[in-house]
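Heads up: the structure comes next, in structure tokens.
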Amino acid sequence: MLAPLLFVFFVGLASVARAQIGKDLNCTKNDGTDDVYTDRALICSNTQKDAVCEVLYPKNPDYPTVGGKEARPSNCFSKDGTELDQDMQKTAAATCAKTCGLCCITDAYKCDDAKFPRIKCSGVTNAQCQSPEWRTIIASDCPSACGFCNEGGCVDSVVECANDRSICTTVGMQDFVNQYCQKTCDRCASTTAANSNGGAVTTPSSGGGSCTSYQADSSTACASWATNGFCTNTFYTLAQRKAYCARTCRIC
Ligand SMILES: *[C@@H]1O[C@H](CO)[C@@H](O)[C@H](O)[C@H]1NC(C)=O
């Protein structure tokens with residue numbers, strides 16, 4: 001009685017182990033033996049309701065997981081389950097990217113990062129994507145890491161700002177919103193737009209005249225950033241350079 005059950009169990013395991021992602025290897029990496037999904041494959045949300053996506057894209061027999069090698073639902077990338085079809089893939093990415101394990105090819109996650117980022121973009125964690133200390137640096141240097149590609153370099157550093165826009169006009173909250181709710185309250189100092197290469201182009205706001213004292217640097221890395229050209233690099237807005245390294249860069 002037990003033996004046939006065990007047999008079924010082990011055959012089941014073996015077929016899971018043999019599963020392969022198949023034709024569409026976007027958002028995967030090779031871990032030495034197999035192609036497995038990267039964390040960027042599932043980092044986004046579906047734009048359709050998850051339950052709707054599970055109907056539109058039935059599992060095959062399991063849904064993609066980070067580090068896993070489950071086959072994608074076949075209509076995520078194909079009409080017939082074998083040939084890659086760009087239109088099918090595009091539709092899936094626009095509606096059910098997470099269910100399909102295709103987050104990394106959605107617009108928000110698909111752009112070039114800065115040429116000389118201040119942090120290692122591939123090491124950015126989900127926690128950093130939510131962190132007030134990191135969000136503005138990531139938005140300008142590693143936008144693809146957190147799905148900031150459509151934000152033009154301008155994000156709220158506190159994610160809750162957008163819950164209540166009235167904060168933008170509240171007397172007494174202005175210092176706070178200037179620092180933490182730049183996106184929601186329209187406080188980004190310059191217009192930033194993605195160029196055709198996906199990199200950010202910034203138009204610095206006009207410089208601040210002459211002064212004799214500077215606000216303190218907020219980063220401890222200013223000396224080395226300055227050596228690398230941070231103070232004059234127009235990839236960063238004047239406001240960004242001032243926010244991090246006003247003293248080192250001598251920005252009023
Ligand atoms: C990623 O998807 C595109 C179609 O949008 C396809 O041409 C390409 O081969 C895919 N890349 C991999 C590695 O599967």
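In the structure tokens, each chain is lettered A, B, ... as it comes, each chain's residues begin at 1, and ligands are numbered from 1 in order of appearance.
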Select from chain A every residue with an atom at most 9 Å from any atom of ligand 1, then for each give the shortest pair of atoms and their distance in Å to one decimal, using only C-alpha atoms and all ligand atoms, rows by chain and rising number, as CSV.
```
residue,atom,partner,partner_atom_place_in_ligand_line,distance
A:Gly22,CA,ligand 1,14 (O),8.5
A:Lys23,CA,ligand 1,14 (O),6.1
A:Asp24,CA,ligand 1,14 (O),3.9
A:Leu25,CA,ligand 1,14 (O),3.5
A:Asn26,CA,ligand 1,12 (C),4.5
A:Cys27,CA,ligand 1,13 (C),7.8
A:Thr28,CA,ligand 1,13 (C),7.7
A:Lys29,CA,ligand 1,13 (C),9.0
A:Phe77,CA,ligand 1,2 (O),8.3
A:Leu84,CA,ligand 1,6 (C),7.1
A:Asp85,CA,ligand 1,4 (C),7.2
A:Gln86,CA,ligand 1,5 (O),4.9
A:Asp87,CA,ligand 1,5 (O),8.0
A:Gln89,CA,ligand 1,5 (O),6.5
A:Lys90,CA,ligand 1,5 (O),7.0
A:Ile105,CA,ligand 1,1 (C),8.1
```
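Between Lys115 (chain A) and the candidates A:Thr184, A:Thr33, A:Ser140, A:Thr91, the tightest atom-to-atom separation, counting only C-alpha atoms, involves A:Ser140.
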With distances taken over only C-alpha atoms, the candidate from A:Ala139, A:Thr169, A:Gly229, A:Asp217 nearest Glu151 (chain A) is A:Ala139
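Among the candidate residues A:Arg241, A:Lys79, A:Lys98, A:Arg247, the one lying nearest to Cys53 (chain A) is A:Lys98, with distances computed using only C-alpha atoms.
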Exercise. Give the strand (DSSP E) residues of region 1-188 of chain A, as DSSP finds them on the backbone, and put them as a PyMOL selection string.
Key: chain A and resi 28-30+35-37
Shortest contact to Asn233 (chain A), candidates A:Gly172, A:Arg40, A:Thr125, A:Pro117, atoms counted only C-alpha atoms, goes to A:Pro117
Going by DSSP on the backbone, which residues of region 47-217 of chain A come out as helix (DSSP H, G or I)? List them as a PyMOL selection string. chain A and resi 50-56+74-76+86-100+103-105+107-109+121-123+126-130+135-141+143-146+159-163+165-169+174-180
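Nearest residue to Cys111 (chain A) among A:Gln174, A:Ser144, A:Gln240, A:Ser74 is A:Ser144, counting only C-alpha atoms.
Comparing A:Lys120, A:Lys183, A:Lys69, A:Arg250 by their smallest distance to Gln20 (chain A), the closest is A:Lys69 (using only C-alpha atoms).
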Glu160 (chain A): which residues within 9 Å, counting only C-alpha atoms, same-chain residues fewer than 4 positions away excluded, as a short mmCIF file (atom, residue, chain, number, x, y, z; two decimals) with C-alpha atoms, in the first residue's frame?
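This went into around-v4.cif:
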```
data_model
loop_
_atom_site.label_atom_id
_atom_site.label_comp_id
_atom_site.auth_asym_id
_atom_site.auth_seq_id
_atom_site.Cartn_x
_atom_site.Cartn_y
_atom_site.Cartn_z
CA ASP A 156 8.80 60.78 -2.23
CA ASP A 164 -2.81 62.45 2.16
CA CYS A 181 7.27 64.37 -0.07
#
```
Can you pull out every residue within 8 Å of Gln48 (chain A), counting only C-alpha atoms, but drop anything in the same chain fewer than 3 positions away, and send it as a VMD selection string? chain A and resid 52 to 53 95 to 96
Handout entry: Residues near Thr248 (chain A), cut-off 8 Å, only C-alpha atoms, skip fewer than 2 positions along chain, as number ranges by chain
Key = A: 217, 222-223, 226, 245-246, 250
Selection file, all heavy atoms, as an mmCIF file, in the first residue's frame:
```
data_model
loop_
_atom_site.group_PDB
_atom_site.id
_atom_site.type_symbol
_atom_site.label_atom_id
_atom_site.label_comp_id
_atom_site.auth_asym_id
_atom_site.auth_seq_id
_atom_site.Cartn_x
_atom_site.Cartn_y
_atom_site.Cartn_z
ATOM 1 N N ASP A 217 27.096 68.938 5.050
ATOM 2 C CA ASP A 217 26.878 67.781 4.184
ATOM 3 C C ASP A 217 25.982 66.783 4.915
ATOM 4 O O ASP A 217 26.126 66.582 6.111
ATOM 5 C CB ASP A 217 28.209 67.074 3.888
ATOM 6 C CG ASP A 217 29.140 67.938 3.048
ATOM 7 O OD1 ASP A 217 28.656 68.897 2.423
ATOM 8 O OD2 ASP A 217 30.352 67.624 3.028
ATOM 9 N N CYS A 222 30.985 62.567 0.914
ATOM 10 C CA CYS A 222 31.122 63.673 -0.044
ATOM 11 C C CYS A 222 32.540 63.827 -0.593
ATOM 12 O O CYS A 222 32.727 64.116 -1.770
ATOM 13 C CB CYS A 222 30.658 64.977 0.593
ATOM 14 S SG CYS A 222 28.870 64.988 0.852
ATOM 15 N N ALA A 223 33.527 63.625 0.265
ATOM 16 C CA ALA A 223 34.899 63.829 -0.207
ATOM 17 C C ALA A 223 35.196 62.892 -1.378
ATOM 18 O O ALA A 223 35.724 63.320 -2.412
ATOM 19 C CB ALA A 223 35.888 63.589 0.937
ATOM 20 N N ALA A 226 33.125 63.824 -4.406
ATOM 21 C CA ALA A 226 33.655 65.014 -5.060
ATOM 22 C C ALA A 226 34.831 64.638 -5.955
ATOM 23 O O ALA A 226 34.966 65.128 -7.073
ATOM 24 C CB ALA A 226 34.065 66.048 -4.012
ATOM 25 N N CYS A 245 25.767 67.231 -0.360
ATOM 26 C CA CYS A 245 27.141 67.704 -0.140
ATOM 27 C C CYS A 245 27.266 69.217 -0.328
ATOM 28 O O CYS A 245 28.180 69.690 -1.003
ATOM 29 C CB CYS A 245 28.084 66.992 -1.126
ATOM 30 S SG CYS A 245 28.074 65.199 -1.018
ATOM 31 N N ALA A 246 26.382 69.975 0.276
ATOM 32 C CA ALA A 246 26.404 71.428 0.088
ATOM 33 C C ALA A 246 27.761 72.027 0.446
ATOM 34 O O ALA A 246 28.313 72.837 -0.284
ATOM 35 C CB ALA A 246 25.305 72.085 0.926
ATOM 36 N N ARG A 250 30.376 73.332 -2.126
ATOM 37 C CA ARG A 250 30.241 74.790 -2.015
ATOM 38 C C ARG A 250 29.029 75.291 -2.790
ATOM 39 O O ARG A 250 29.127 76.151 -3.675
ATOM 40 C CB ARG A 250 31.520 75.488 -2.498
ATOM 41 C CG ARG A 250 32.711 75.032 -1.700
ATOM 42 C CD ARG A 250 33.997 75.746 -2.053
ATOM 43 N NE ARG A 250 34.984 75.512 -1.024
ATOM 44 C CZ ARG A 250 35.150 76.270 0.058
ATOM 45 N NH1 ARG A 250 34.418 77.346 0.229
ATOM 46 N NH2 ARG A 250 36.041 75.978 0.969
#
```
